[in-house]
file entry18.cif (mmCIF, C-alpha atoms)
data_run
loop_
_atom_site.label_atom_id
_atom_site.label_comp_id
_atom_site.auth_asym_id
_atom_site.auth_seq_id
_atom_site.Cartn_x
_atom_site.Cartn_y
_atom_site.Cartn_z
CA MET A 1 -136.41 190.78 -197.95
CA ILE A 2 -135.74 189.83 -194.34
CA SER A 3 -132.07 189.06 -193.75
CA THR A 4 -130.50 186.26 -191.76
CA ARG A 5 -130.05 188.75 -188.90
CA GLY A 6 -133.80 189.35 -188.66
CA ARG A 7 -134.69 185.67 -189.01
CA TYR A 8 -132.16 184.63 -186.37
CA ALA A 9 -133.32 187.39 -184.01
CA LEU A 10 -136.85 186.00 -184.26
CA ARG A 11 -135.54 182.51 -183.47
CA VAL A 12 -133.55 183.76 -180.48
CA MET A 13 -136.48 185.78 -179.16
CA THR A 14 -138.81 182.81 -179.66
CA GLU A 15 -136.42 180.61 -177.70
CA LEU A 16 -136.34 183.15 -174.87
CA ALA A 17 -140.14 183.29 -174.93
CA GLU A 18 -140.48 179.50 -174.83
CA HIS A 19 -138.28 179.38 -171.73
CA ALA A 20 -139.34 182.68 -170.13
CA ASP A 21 -140.29 180.98 -166.87
CA GLU A 22 -136.74 179.60 -166.50
CA GLY A 23 -135.09 182.98 -165.93
CA TYR A 24 -131.89 183.88 -167.74
CA LEU A 25 -130.78 181.62 -170.60
CA SER A 26 -127.16 181.43 -171.65
CA LEU A 27 -126.45 182.30 -175.26
CA LYS A 28 -124.57 179.03 -175.56
CA GLU A 29 -127.80 177.21 -174.67
CA VAL A 30 -129.81 179.26 -177.15
CA ALA A 31 -127.20 178.74 -179.88
CA GLY A 32 -127.23 174.99 -179.33
CA ARG A 33 -131.01 174.68 -179.34
CA GLN A 34 -131.43 176.89 -182.38
CA ASP A 35 -128.37 175.63 -184.28
CA ILE A 36 -127.07 179.17 -184.75
CA SER A 37 -123.44 180.18 -184.36
CA LEU A 38 -122.80 181.64 -180.90
CA LYS A 39 -120.70 184.39 -182.50
CA TYR A 40 -123.64 185.36 -184.73
CA ILE A 41 -126.02 185.51 -181.78
CA GLU A 42 -123.51 187.63 -179.88
CA ARG A 43 -123.68 190.17 -182.73
CA ILE A 44 -127.49 190.29 -182.61
CA MET A 45 -127.95 190.65 -178.84
CA PRO A 46 -126.56 194.19 -178.39
CA ALA A 47 -129.30 195.65 -180.63
CA LEU A 48 -132.00 193.71 -178.78
CA SER A 49 -130.55 194.78 -175.44
CA ARG A 50 -130.02 198.43 -176.44
CA ASN A 51 -133.67 198.60 -177.50
CA LYS A 52 -134.74 197.02 -174.20
CA LEU A 53 -136.24 193.88 -175.77
CA VAL A 54 -133.97 191.72 -173.62
CA GLU A 55 -131.82 192.16 -170.55
CA GLY A 56 -128.63 190.36 -169.77
CA VAL A 57 -126.64 189.38 -166.72
CA GLN A 58 -123.01 188.30 -166.80
CA GLY A 59 -121.40 185.61 -164.72
CA LYS A 60 -122.49 182.27 -163.33
CA GLY A 61 -126.20 181.75 -163.88
CA GLY A 62 -126.25 184.70 -166.25
CA GLY A 63 -127.60 185.02 -169.71
CA TYR A 64 -130.53 186.82 -171.32
CA ARG A 65 -134.24 187.04 -170.74
CA LEU A 66 -137.16 189.01 -172.13
CA THR A 67 -138.00 192.32 -170.50
CA ARG A 68 -141.75 191.90 -171.06
CA PRO A 69 -144.24 189.08 -171.40
CA PRO A 70 -144.01 187.35 -174.82
CA GLU A 71 -147.49 188.57 -175.81
CA ASP A 72 -146.23 192.18 -175.56
CA TYR A 73 -143.73 191.77 -178.44
CA THR A 74 -144.65 191.81 -182.11
CA VAL A 75 -142.68 190.40 -185.00
CA TRP A 76 -142.70 193.93 -186.50
CA GLU A 77 -140.95 195.35 -183.42
CA ILE A 78 -138.24 192.68 -183.44
CA LEU A 79 -137.63 192.99 -187.18
CA SER A 80 -137.55 196.79 -186.99
CA VAL A 81 -134.83 196.62 -184.34
CA THR A 82 -132.70 194.08 -186.20
CA GLU A 83 -133.40 195.01 -189.82
CA GLY A 84 -133.76 198.76 -189.48
CA GLU A 85 -136.00 200.44 -192.02
CA LEU A 86 -138.45 197.98 -193.52
CA ALA A 87 -139.89 200.20 -196.23
CA PRO A 88 -139.96 198.40 -199.60
CA VAL A 89 -138.63 201.43 -201.51
CA ALA A 90 -136.30 204.25 -200.46
CA CYS A 91 -138.87 207.01 -200.99
CA LEU A 92 -141.07 205.51 -198.23
CA GLU A 93 -138.32 205.35 -195.63
CA SER A 94 -138.76 207.63 -192.65
CA GLY A 95 -136.86 210.85 -193.19
CA ALA A 96 -136.45 210.23 -196.93
CA LYS A 97 -135.90 213.27 -199.09
CA PRO A 98 -139.04 214.14 -201.05
CA CYS A 99 -138.95 212.58 -204.48
CA GLY A 100 -139.38 215.01 -207.35
CA ARG A 101 -141.36 212.39 -209.26
CA ARG A 102 -143.78 211.56 -206.44
CA GLU A 103 -146.77 213.42 -207.88
CA TYR A 104 -146.27 211.62 -211.21
CA CYS A 105 -145.24 208.23 -209.80
CA ARG A 106 -147.56 205.48 -210.95
CA THR A 107 -146.21 202.96 -208.42
CA ILE A 108 -145.93 204.88 -205.13
CA ASP A 109 -149.45 203.97 -204.00
CA MET A 110 -148.77 200.30 -204.71
CA TRP A 111 -145.56 200.39 -202.67
CA GLY A 112 -147.35 202.25 -199.88
CA ARG A 113 -150.10 199.62 -199.76
CA PHE A 114 -147.53 196.83 -199.80
CA TYR A 115 -145.70 198.46 -196.86
CA ASP A 116 -148.96 198.90 -194.92
CA ILE A 117 -150.02 195.29 -195.52
CA THR A 118 -146.60 193.98 -194.46
CA LYS A 119 -146.52 196.13 -191.34
CA GLU A 120 -150.07 195.17 -190.37
CA PHE A 121 -149.27 191.48 -190.90
CA PHE A 122 -146.11 191.50 -188.76
CA GLU A 123 -147.71 193.72 -186.10
CA GLY A 124 -150.46 191.12 -185.81
CA ILE A 125 -148.14 188.28 -184.77
CA THR A 126 -146.81 188.19 -181.22
CA LEU A 127 -143.78 186.44 -179.85
CA ALA A 128 -146.13 184.39 -177.66
CA GLU A 129 -147.82 183.08 -180.79
CA LEU A 130 -144.50 182.12 -182.38
CA ALA A 131 -143.45 180.40 -179.17
CA GLY A 132 -146.65 178.37 -179.14
CA LYS A 133 -147.93 180.08 -176.02
CA GLU A 134 -150.95 181.32 -177.94
CA GLY A 135 -152.56 179.86 -181.03
CA TRP A 136 -151.26 181.06 -184.39
CA LYS A 137 -151.55 179.20 -187.61
CA LYS A 138 -150.55 180.28 -191.06
CA SER A 139 -153.51 180.62 -193.39
#

call {"tool": "encode", "arguments": {"input": "entry18.cif", "output": "C-alpha cells"}}
result
Amino acid sequence: MISTRGRYALRVMTELAEHADEGYLSLKEVAGRQDISLKYIERIMPALSRNKLVEGVQGKGGGYRLTRPPEDYTVWEILSVTEGELAPVACLESGAKPCGRREYCRTIDMWGRFYDITKEFFEGITLAELAGKEGWKKS
C-alpha cells in the first residue's frame, strides 16, 4: 500500500510540474494549493532534494523546482524515493536474505508477477501526464 508520504509527494511533484515555467515555488504556496500541512511537506522535501528530484533555494523568491522536465520523471521513481522498497513481500526486497522455502514456495511467482506489473504500471506514468501536460487517462 502506498502511504500518505508517497501520495503527498506525488501531489507536491505534480504541483511543481504544473508550475515549472514559473521558477521556484514556495512550499507555503504548494501547501495552500494542495491542502497539505506545510510541516508535512517540509518532511517530504529533504528526500526529494537528496535524490536530486528537486532543488531548493532559500530566501526571498526562493522555494523549490524540478531538476528535470516533468516528462523525465516517473511515478515509480517518486514513490521509490519516498516509500523506499516497494516489493509486495519481504523476500522480493533488494538485498533480502535468501528464503529457505523459496524452491517450495507456491506463491513466490505470483508475488513476483504482481511486483513486475506494479513497477511497469508506475514506470509508464510520467509526472507530465499527471500534471496534464501530456494526455493520460485511467482505463

call {"tool": "closest_residue", "arguments": {"input": "entry18.cif", "among": "A:Ile44, A:Tyr8, A:Ala20, A:Met110", "to": "Arg68 in chain A", "atoms": "all atoms listed in the file"}}
result
A:Ala20

call {"tool": "closest_residue", "arguments": {"input": "entry18.cif", "among": "A:Val57, A:Ala47, A:Leu27, A:Cys99", "to": "Gly84 in chain A", "atoms": "all atoms listed in the file"}}
result
A:Ala47

call {"tool": "resolve_selection", "arguments": {"input": "entry18.cif", "expression": "the PyMOL selection byres ((chain A and resi 111) around 12)", "output": "JSON list (two decimals) with C-alpha atoms, keeping the file's coordinate frame"}}
result
[["chain", "number", "residue", "atom", "x", "y", "z"],
["A", 86, "LEU", "CA", -138.45, 197.98, -193.52],
["A", 87, "ALA", "CA", -139.89, 200.20, -196.23],
["A", 88, "PRO", "CA", -139.96, 198.40, -199.60],
["A", 89, "VAL", "CA", -138.63, 201.43, -201.51],
["A", 90, "ALA", "CA", -136.30, 204.25, -200.46],
["A", 91, "CYS", "CA", -138.87, 207.01, -200.99],
["A", 92, "LEU", "CA", -141.07, 205.51, -198.23],
["A", 93, "GLU", "CA", -138.32, 205.35, -195.63],
["A", 102, "ARG", "CA", -143.78, 211.56, -206.44],
["A", 105, "CYS", "CA", -145.24, 208.23, -209.80],
["A", 106, "ARG", "CA", -147.56, 205.48, -210.95],
["A", 107, "THR", "CA", -146.21, 202.96, -208.42],
["A", 108, "ILE", "CA", -145.93, 204.88, -205.13],
["A", 109, "ASP", "CA", -149.45, 203.97, -204.00],
["A", 110, "MET", "CA", -148.77, 200.30, -204.71],
["A", 112, "GLY", "CA", -147.35, 202.25, -199.88],
["A", 113, "ARG", "CA", -150.10, 199.62, -199.76],
["A", 114, "PHE", "CA", -147.53, 196.83, -199.80],
["A", 115, "TYR", "CA", -145.70, 198.46, -196.86],
["A", 116, "ASP", "CA", -148.96, 198.90, -194.92],
["A", 117, "ILE", "CA", -150.02, 195.29, -195.52],
["A", 118, "THR", "CA", -146.60, 193.98, -194.46]]

call {"tool": "resolve_selection", "arguments": {"input": "entry18.cif", "expression": "the PyMOL selection byres ((chain A and resi 2) around 10)", "output": "PDB file with C-alpha atoms, keeping the file's coordinate frame"}}
result
ATOM      1  CA  MET A   1    -136.410 190.780-197.950  1.00  0.00           C
ATOM      2  CA  SER A   3    -132.070 189.060-193.750  1.00  0.00           C
ATOM      3  CA  THR A   4    -130.500 186.260-191.760  1.00  0.00           C
ATOM      4  CA  ARG A   5    -130.050 188.750-188.900  1.00  0.00           C
ATOM      5  CA  GLY A   6    -133.800 189.350-188.660  1.00  0.00           C
ATOM      6  CA  ARG A   7    -134.690 185.670-189.010  1.00  0.00           C
ATOM      7  CA  LEU A  79    -137.630 192.990-187.180  1.00  0.00           C
ATOM      8  CA  THR A  82    -132.700 194.080-186.200  1.00  0.00           C
ATOM      9  CA  GLU A  83    -133.400 195.010-189.820  1.00  0.00           C
ATOM     10  CA  LEU A  86    -138.450 197.980-193.520  1.00  0.00           C
TER      11      LEU A  86
END

call {"tool": "closest_residue", "arguments": {"input": "entry18.cif", "among": "A:Glu85, A:Glu103, A:Glu15, A:Glu77", "to": "Gly132 in chain A", "atoms": "all atoms listed in the file"}}
result
A:Glu15

call {"tool": "residues_around", "arguments": {"input": "entry18.cif", "residues": "Leu127 in chain A", "least_positions_apart": "4", "cutoff": "6 Å", "atoms": "all atoms listed in the file", "output": "number ranges by chain"}}
result
A: 70-71, 73-74

call {"tool": "write_last_selection", "arguments": {"input": "entry18.cif", "atoms": "C-alpha atoms", "output": "PDB file, keeping the file's coordinate frame"}}
result
ATOM      1  CA  PRO A  70    -144.010 187.350-174.820  1.00  0.00           C
ATOM      2  CA  GLU A  71    -147.490 188.570-175.810  1.00  0.00           C
ATOM      3  CA  TYR A  73    -143.730 191.770-178.440  1.00  0.00           C
ATOM      4  CA  THR A  74    -144.650 191.810-182.110  1.00  0.00           C
TER       5      THR A  74
END

call {"tool": "resolve_selection", "arguments": {"input": "entry18.cif", "expression": "the PyMOL selection byres ((chain A and resi 52) around 12)", "output": "PyMOL selection string"}}
result
chain A and resi 45-51+53-56+64-68+73+77-78+81

call {"tool": "atom_distance", "arguments": {"input": "entry18.cif", "atom1": "CA of Gln34 in chain A", "atom2": "CA of Gly59 in chain A"}}
result
22.1 Å

call {"tool": "atom_distance", "arguments": {"input": "entry18.cif", "atom1": "CA of Lys119 in chain A", "atom2": "CA of Ile36 in chain A"}}
result
26.6 Å

call {"tool": "axis_aligned_box", "arguments": {"input": "entry18.cif", "around": "range 80-96 of chain A", "padding_each_side": "8 Å", "output": "AutoDock Vina command-line options"}}
result
--center_x -136.9 --center_y 202.5 --center_z -192.9 --size_x 24.4 --size_y 32.8 --size_z 33.2

call {"tool": "closest_residue", "arguments": {"input": "entry18.cif", "among": "A:Glu18, A:Glu123, A:Glu129, A:Asp72", "to": "Arg33 in chain A", "atoms": "only C-alpha atoms"}}
result
A:Glu18

call {"tool": "atom_distance", "arguments": {"input": "entry18.cif", "atom1": "CA of Gly23 in chain A", "atom2": "CA of Leu38 in chain A"}}
result
19.4 Å

call {"tool": "closest_residue", "arguments": {"input": "entry18.cif", "among": "A:Ile41, A:Ala17, A:Glu22, A:Gly61", "to": "Ala131 in chain A", "atoms": "all atoms listed in the file"}}
result
A:Ala17
